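Enquirer: Structure: run.cif, mmCIF, C-alpha atoms.
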data_input
#
loop_
_atom_site.label_atom_id
_atom_site.label_comp_id
_atom_site.auth_asym_id
_atom_site.auth_seq_id
_atom_site.Cartn_x
_atom_site.Cartn_y
_atom_site.Cartn_z
CA MET A 1 16.74 -26.64 5.08
CA ALA A 2 17.72 -27.30 1.49
CA ASP A 3 18.63 -24.36 -0.71
CA ASN A 4 15.93 -25.31 -3.21
CA ASP A 5 13.20 -25.43 -0.55
CA SER A 6 10.54 -22.99 -1.77
CA THR A 7 9.38 -22.35 1.80
CA LYS A 8 12.65 -20.74 2.89
CA LYS A 9 12.73 -17.13 4.05
CA PRO A 10 12.95 -14.44 1.35
CA ASP A 11 16.45 -13.32 0.46
CA TYR A 12 16.14 -10.01 2.30
CA THR A 13 16.12 -11.75 5.70
CA ASP A 14 19.61 -13.19 5.23
CA THR A 15 21.51 -11.13 2.66
CA ASP A 16 23.33 -7.84 2.33
CA TRP A 17 20.77 -5.09 1.83
CA THR A 18 23.19 -3.13 -0.38
CA TRP A 19 23.02 -5.89 -2.96
CA LEU A 20 19.29 -6.38 -2.40
CA ILE A 21 18.46 -2.71 -2.95
CA ARG A 22 20.39 -2.66 -6.23
CA GLN A 23 18.73 -5.88 -7.37
CA ARG A 24 15.24 -4.64 -6.47
CA HIS A 25 15.82 -1.35 -8.31
CA GLU A 26 16.86 -3.29 -11.40
CA LYS A 27 13.82 -5.58 -11.26
CA TRP A 28 11.49 -2.63 -10.70
CA ALA A 29 12.88 -0.97 -13.83
CA LEU A 30 12.52 -4.23 -15.80
CA MET A 31 8.91 -4.47 -14.59
CA TRP A 32 8.14 -1.07 -16.11
CA GLU A 33 9.77 -2.10 -19.37
CA GLU A 34 7.56 -5.21 -19.42
CA LEU A 35 4.48 -3.11 -18.73
CA GLU A 36 5.40 -0.75 -21.57
CA GLN A 37 5.77 -3.71 -23.93
CA GLU A 38 2.28 -4.82 -22.95
CA GLY A 39 0.92 -1.37 -23.75
CA ILE A 40 0.54 -0.24 -20.12
CA LYS A 41 2.24 3.13 -20.05
CA ARG A 42 2.99 5.46 -17.17
CA THR A 43 0.20 7.81 -16.18
CA TYR A 44 1.95 10.69 -14.46
CA LEU A 45 0.12 12.14 -11.46
CA TRP A 46 1.48 15.62 -12.13
CA ASP A 47 2.04 16.98 -15.65
CA ASP A 48 5.04 19.07 -14.63
CA PRO A 49 7.73 17.98 -12.11
CA LYS A 50 7.71 21.55 -10.80
CA ASP A 51 4.19 20.96 -9.52
CA VAL A 52 5.14 17.88 -7.44
CA PRO A 53 5.46 18.88 -3.77
CA ASP A 54 9.12 18.74 -2.63
CA PHE A 55 10.22 17.07 -5.88
CA ASP A 56 14.00 16.97 -6.32
CA PRO A 57 15.25 15.85 -9.77
CA SER A 58 18.70 15.18 -8.30
CA TYR A 59 17.30 12.13 -6.51
CA GLY A 60 16.95 10.40 -9.87
CA GLN A 61 13.37 9.25 -9.29
CA PRO A 62 10.60 9.78 -11.86
CA VAL A 63 7.52 11.88 -11.32
CA PRO A 64 5.08 9.67 -9.35
CA SER A 65 2.89 7.67 -11.69
CA LEU A 66 0.36 4.87 -12.09
CA ALA A 67 0.37 1.82 -14.32
CA ILE A 68 -3.32 1.29 -15.08
CA TRP A 69 -4.43 -2.07 -16.45
CA PRO A 70 -6.96 -1.98 -19.32
CA ILE A 71 -10.30 -1.09 -17.75
CA GLN A 72 -12.89 -3.84 -17.61
CA PRO A 73 -16.19 -2.10 -18.37
CA ASP A 74 -18.32 -4.49 -16.32
CA ARG A 75 -16.27 -3.79 -13.14
CA ARG A 76 -15.67 -0.08 -12.86
CA GLY A 77 -14.05 0.25 -9.43
CA ILE A 78 -10.24 0.31 -9.28
CA ILE A 79 -7.64 -0.81 -6.73
CA ILE A 80 -4.28 0.96 -6.40
CA VAL A 81 -1.49 -1.47 -5.43
CA CYS A 82 1.51 -0.18 -3.42
CA ALA A 83 4.53 -2.47 -3.22
CA GLY A 84 6.69 -2.71 -0.11
CA GLY A 85 10.42 -2.28 0.29
CA GLY A 86 11.14 -0.39 3.48
CA PHE A 87 10.94 2.93 1.57
CA MET A 88 14.37 2.03 0.15
CA PHE A 89 13.09 0.20 -2.95
CA LYS A 90 9.86 -1.25 -4.30
CA SER A 91 9.42 -5.02 -4.69
CA PHE A 92 8.15 -6.01 -8.13
CA ASN A 93 6.66 -9.26 -6.76
CA GLU A 94 4.27 -7.16 -4.65
CA ALA A 95 3.21 -5.13 -7.67
CA LEU A 96 2.87 -6.65 -11.15
CA PRO A 97 1.86 -10.20 -10.08
CA VAL A 98 -0.67 -8.79 -7.60
CA ALA A 99 -2.23 -6.32 -10.03
CA ALA A 100 -2.34 -9.02 -12.70
CA ALA A 101 -4.03 -11.43 -10.27
CA LEU A 102 -6.66 -8.82 -9.40
CA HIS A 103 -7.24 -8.17 -13.10
CA ARG A 104 -7.70 -11.90 -13.76
CA ALA A 105 -10.20 -11.97 -10.90
CA GLY A 106 -12.26 -9.31 -12.65
CA MET A 107 -10.99 -6.28 -10.73
CA ASN A 108 -9.52 -3.13 -12.23
CA ALA A 109 -6.05 -2.46 -10.86
CA ALA A 110 -3.20 0.03 -10.99
CA ILE A 111 0.35 0.07 -9.59
CA LEU A 112 1.57 3.21 -7.82
CA ASP A 113 5.18 4.21 -8.44
CA TYR A 114 5.64 6.34 -5.32
CA ARG A 115 8.68 8.17 -3.98
CA PHE A 116 11.05 6.61 -1.45
CA THR A 117 14.33 7.42 0.34
CA PRO A 118 15.76 10.08 0.37
CA TYR A 119 12.18 11.39 0.20
CA THR A 120 10.20 11.20 3.43
CA ARG A 121 7.24 8.93 4.10
CA GLU A 122 5.09 12.02 3.87
CA SER A 123 6.11 12.35 0.22
CA ALA A 124 5.01 8.76 -0.39
CA ARG A 125 1.72 9.55 1.37
CA ASP A 126 1.25 12.59 -0.86
CA ASP A 127 1.72 10.38 -3.92
CA GLY A 128 -0.96 8.00 -2.64
CA LEU A 129 -3.37 10.85 -1.94
CA ARG A 130 -2.67 12.36 -5.35
CA ALA A 131 -3.29 9.00 -7.07
CA ILE A 132 -6.77 8.81 -5.54
CA ARG A 133 -7.55 12.40 -6.51
CA TYR A 134 -6.20 11.82 -10.03
CA LEU A 135 -8.34 8.74 -10.65
CA ARG A 136 -11.41 10.46 -9.22
CA CYS A 137 -10.82 13.56 -11.34
CA HIS A 138 -10.36 11.54 -14.55
CA ALA A 139 -12.90 8.82 -13.78
CA ASP A 140 -15.15 9.56 -16.74
CA ARG A 141 -12.27 9.61 -19.21
CA LEU A 142 -10.80 6.40 -17.81
CA GLY A 143 -14.14 4.64 -17.61
CA ILE A 144 -14.07 3.99 -13.86
CA ASP A 145 -16.45 4.72 -11.00
CA ALA A 146 -15.31 7.76 -9.01
CA SER A 147 -17.05 6.37 -5.91
CA HIS A 148 -15.13 3.07 -5.94
CA ILE A 149 -11.43 3.90 -5.71
CA ALA A 150 -9.35 1.79 -3.34
CA ILE A 151 -5.72 1.71 -2.22
CA GLY A 152 -3.66 -0.89 -0.44
CA GLY A 153 -0.24 -2.37 -0.07
CA PHE A 154 2.39 -4.53 1.49
CA SER A 155 4.79 -3.66 4.29
CA ALA A 156 5.98 -0.12 3.43
CA GLY A 157 3.09 0.02 0.97
CA GLY A 158 0.88 -0.77 3.94
CA ILE A 159 2.41 2.11 5.87
CA LEU A 160 1.68 4.35 2.90
CA THR A 161 -1.91 3.07 2.97
CA SER A 162 -2.26 3.89 6.67
CA LEU A 163 -0.79 7.34 6.10
CA VAL A 164 -3.38 7.91 3.36
CA ILE A 165 -6.22 6.69 5.56
CA ASN A 166 -5.14 9.01 8.35
CA GLY A 167 -4.40 11.93 6.05
CA PHE A 168 -7.12 12.16 3.41
CA ALA A 169 -9.02 15.40 2.89
CA ALA A 170 -11.87 16.89 0.92
CA GLY A 171 -11.12 18.54 -2.38
CA ASP A 172 -10.35 22.22 -2.65
CA PRO A 173 -12.91 23.76 -5.05
CA THR A 174 -10.82 26.93 -5.30
CA SER A 175 -7.66 25.17 -6.49
CA SER A 176 -6.36 26.04 -9.94
CA ASP A 177 -5.34 22.38 -10.28
CA PRO A 178 -8.47 20.41 -11.24
CA VAL A 179 -7.10 17.24 -9.63
CA GLU A 180 -6.84 18.95 -6.24
CA GLN A 181 -10.54 19.84 -6.42
CA PHE A 182 -11.41 16.18 -5.72
CA SER A 183 -11.42 14.27 -2.43
CA SER A 184 -8.45 12.05 -1.58
CA ARG A 185 -10.48 9.71 0.65
CA PRO A 186 -10.26 6.10 -0.57
CA ASP A 187 -13.54 4.19 -0.74
CA ALA A 188 -11.90 0.97 0.46
CA ALA A 189 -8.42 -0.24 1.40
CA PHE A 190 -6.34 -3.36 1.93
CA GLN A 191 -3.18 -4.28 3.75
CA MET A 192 -1.25 -7.53 3.43
CA TYR A 193 1.33 -7.77 6.21
CA GLY A 194 1.05 -4.04 6.49
CA SER A 195 2.54 -2.15 9.41
CA PHE A 196 -0.64 -1.41 11.28
CA ARG A 197 0.85 0.68 14.05
CA THR A 198 3.96 2.78 14.53
CA MET A 199 4.34 3.18 18.29
CA PRO A 200 6.92 0.82 19.81
CA SER A 201 4.87 0.81 23.01
CA LEU A 202 1.54 2.08 24.22
CA SER A 203 3.11 4.32 26.81
CA ALA A 204 5.46 7.30 26.85
CA ALA A 205 6.92 6.13 30.15
CA LYS A 206 10.73 6.01 29.98
CA PRO A 207 12.40 2.60 30.18
CA ASP A 208 15.16 4.03 32.35
CA HIS A 209 12.64 5.98 34.47
CA PRO A 210 9.49 3.80 34.49
CA LEU A 211 7.67 6.03 36.97
CA MET A 212 7.99 9.11 34.77
CA PHE A 213 5.33 10.02 32.23
CA SER A 214 4.88 12.93 29.87
CA PHE A 215 1.43 13.83 28.55
CA GLU A 216 3.01 15.92 25.82
CA GLU A 217 5.25 13.10 24.62
CA GLN A 218 2.40 10.61 24.80
CA GLN A 219 0.25 12.87 22.62
CA ALA A 220 3.11 13.32 20.17
CA GLU A 221 3.52 9.55 19.90
CA ALA A 222 -0.22 8.97 19.61
CA ARG A 223 -0.45 11.40 16.69
CA GLN A 224 2.02 9.20 14.81
CA ASP A 225 0.20 5.96 15.58
CA PHE A 226 -2.09 4.66 12.85
CA ILE A 227 -4.54 3.09 15.26
CA TYR A 228 -4.84 5.97 17.73
CA SER A 229 -5.37 8.43 14.88
CA LEU A 230 -7.68 6.20 12.81
CA PRO A 231 -10.60 8.45 11.81
CA LEU A 232 -14.23 7.46 12.34
CA ASN A 233 -14.83 7.84 8.61
CA ALA A 234 -11.95 5.58 7.58
CA PRO A 235 -12.81 3.40 4.58
CA PRO A 236 -13.68 -0.31 4.87
CA MET A 237 -10.55 -2.46 4.90
CA PHE A 238 -9.44 -5.99 4.07
CA MET A 239 -6.43 -6.83 6.21
CA ALA A 240 -4.31 -9.96 6.38
CA GLN A 241 -0.92 -11.25 7.43
CA THR A 242 0.83 -14.43 8.46
CA ASP A 243 2.06 -15.36 11.90
CA GLY A 244 5.57 -14.82 10.55
CA ASP A 245 4.91 -11.25 11.71
CA ASP A 246 3.61 -10.31 15.14
CA PRO A 247 -0.07 -11.42 15.11
CA HIS A 248 -0.97 -8.48 17.34
CA HIS A 249 -0.57 -6.13 14.34
CA VAL A 250 -3.63 -7.24 12.41
CA LEU A 251 -5.61 -8.00 15.57
CA HIS A 252 -5.09 -4.50 16.96
CA MET A 253 -6.15 -2.89 13.69
CA ALA A 254 -9.19 -5.14 13.37
CA LEU A 255 -10.21 -4.22 16.92
CA ALA A 256 -9.81 -0.51 16.11
CA TYR A 257 -12.09 -0.94 13.09
CA ALA A 258 -14.63 -2.85 15.19
CA ASP A 259 -14.53 -0.21 17.94
CA ARG A 260 -15.30 2.48 15.36
CA GLY A 261 -18.02 0.51 13.62
CA ILE A 262 -16.20 0.43 10.28
CA PRO A 263 -16.72 -2.60 7.99
CA HIS A 264 -13.65 -4.79 7.71
CA GLU A 265 -12.40 -8.32 7.22
CA TYR A 266 -9.20 -9.74 8.66
CA HIS A 267 -7.24 -12.97 8.27
CA LEU A 268 -4.27 -14.32 10.22
CA PHE A 269 -2.65 -17.14 8.27
CA HIS A 270 -0.41 -19.81 9.76
CA GLY A 271 2.66 -20.15 7.59
CA GLY A 272 4.72 -17.80 5.49
CA PRO A 273 7.30 -15.07 6.11
CA HIS A 274 6.99 -11.34 5.73
CA GLY A 275 7.38 -10.25 2.12
CA GLY A 276 5.76 -13.32 0.57
CA GLY A 277 3.58 -11.48 -1.94
CA LEU A 278 1.13 -13.96 -3.45
CA TYR A 279 2.82 -16.87 -1.59
CA ASN A 280 2.36 -19.03 -4.68
CA GLY A 281 5.99 -19.97 -5.33
CA ALA A 282 6.19 -17.78 -8.46
CA ASP A 283 7.98 -14.48 -9.09
CA GLU A 284 10.55 -15.14 -6.35
CA THR A 285 7.90 -15.66 -3.67
CA PRO A 286 7.80 -18.52 -1.17
CA ASP A 287 5.26 -21.31 -1.72
CA PHE A 288 2.60 -21.49 0.99
CA PRO A 289 -0.56 -22.87 -0.65
CA HIS A 290 -2.86 -22.16 2.30
CA THR A 291 -1.69 -18.58 2.75
CA ALA A 292 -1.90 -18.08 -1.02
CA HIS A 293 -5.70 -18.09 -0.69
CA TRP A 294 -5.53 -14.50 0.60
CA ILE A 295 -5.70 -12.94 -2.87
CA THR A 296 -8.85 -14.88 -3.77
CA LEU A 297 -10.47 -13.93 -0.49
CA MET A 298 -9.56 -10.29 -1.01
CA ALA A 299 -10.90 -10.23 -4.56
CA GLU A 300 -14.17 -11.71 -3.30
CA TRP A 301 -14.32 -9.07 -0.56
CA PHE A 302 -13.76 -6.26 -3.03
CA GLY A 303 -16.48 -7.77 -5.18
CA MET A 304 -18.87 -7.54 -2.23
CA MET A 305 -17.80 -3.90 -1.81
CA GLY A 306 -18.95 -3.18 -5.37
CA PHE A 307 -15.57 -3.30 -7.09
#
How would this structure read if it were set down as structure tokens?

Expert:
Amino acid sequence: MADNDSTKKPDYTDTDWTWLIRQRHEKWALMWEELEQEGIKRTYLWDDPKDVPDFDPSYGQPVPSLAIWPIQPDRRGIIIVCAGGGFMFKSFNEALPVAAALHRAGMNAAILDYRFTPYTRESARDDGLRAIRYLRCHADRLGIDASHIAIGGFSAGGILTSLVINGFAAGDPTSSDPVEQFSSRPDAAFQMYGSFRTMPSLSAAKPDHPLMFSFEEQQAEARQDFIYSLPLNAPPMFMAQTDGDDPHHVLHMALAYADRGIPHEYHLFHGGPHGGGLYNGADETPDFPHTAHWITLMAEWFGMMGF
């Protein structure tokens, strides 16, 4: 395959991740500079770093924040976009181009700058939950509809989305923090090549002792699995991926939504690797014109959901 073939695998499948992580960090920082130049400033989810759960300034990461596109008054819902990156970095091509595409399609959008390694995935989840609470708390000031707040993401951003869906809670009316008085349940969600389940197998039987089984270990594994722990009041979801990833991922999640009677839409595209973003050949993404339809389909779906 020629080096200039736009359908080749993304760089991360073939290159040294040390270099890739550094490059992605640099491009993420440049993305924020570009946003600032366009007048889209950081909206910090906590006013004081001391209030951020488990925040460690020595990690060199900023207080979790949102980049909120100018609100379109005729479409008052908002979609939080979470880039992927294996919780080691965040990929700009799964953030700015996606939020901009949603905005062009008439949707309101925001990018979540969540925490990653050495923070745990639970810290990233907390940032997602806080972002929903923050937008709901400040809905009137921002000019958005507090009953139409969505979250979604790619790869690790999809894991974050699943953690949010399995971890949301009602607001605490007794909290001294007004943001924490609001619910963290998203009203809708999306995943594009998200990691829909975490268990490597459906059984806690031991490979070296296939006749042995532990109920306790099976329960422990099931608690960590996004599908087994999917609540009955999970929000509607748009889910999609290509067959470059295991097709069972999206099919299993779609079946779980169907079993629970939760509205959803799913697409399995033929063509395109993991990490393809918009798949339109721009912003360092591979060019797969058929798969690139996913963003239009998703915007239409969100429109039907009242966004």

Enquirer: Quick one: residues within 12 Å of Asp140 of chain A, all atoms listed in the file counted, chain neighbours fewer than 6 positions away excluded, as a ChimeraX atom specification?

Expert: /A:71,73,76-77,134,146-147

Enquirer: May I have the residues from that selection written out with C-alpha atoms, as a compact mmCIF listing (two decimals), keeping the file's coordinate frame?

Expert:
# COMPACT_ATOMS: atom_id res chain seq x y z
CA ILE A 71 -10.30 -1.09 -17.75
CA PRO A 73 -16.19 -2.10 -18.37
CA ARG A 76 -15.67 -0.08 -12.86
CA GLY A 77 -14.05 0.25 -9.43
CA TYR A 134 -6.20 11.82 -10.03
CA ALA A 146 -15.31 7.76 -9.01
CA SER A 147 -17.05 6.37 -5.91

Enquirer: For the PyMOL selection byres ((chain A and resi 163) around 12), applied here, can you spell out every residue it catches as an NGL selection string?

Expert: :A and (120-129 or 151-153 or 156-162 or 164-169 or 184-186 or 189 or 194-198 or 223-227 or 229-231 or 234)

Enquirer: Restricting the calculation to all atoms listed in the file: of A:Ile79, A:Met107, A:Ala29, A:Met253, which residue gets closest to His267 of chain A?

Expert: A:Met253

Enquirer: Would you mind listing what lies within 6 Å of Ser65 of chain A as a PyMOL selection string, with all atoms listed in the file counted and same-chain residues fewer than 6 positions away left out?

Expert: chain A and resi 42-45+113

Enquirer: Using all atoms listed in the file, can you tell me which of A:Ile111, A:Gly143, A:Ala299, A:Asp246 comes closest to Pro97 of chain A?

Expert: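 Ranked by minimum distance to Pro97 of chain A, first place goes to A:Ile111.
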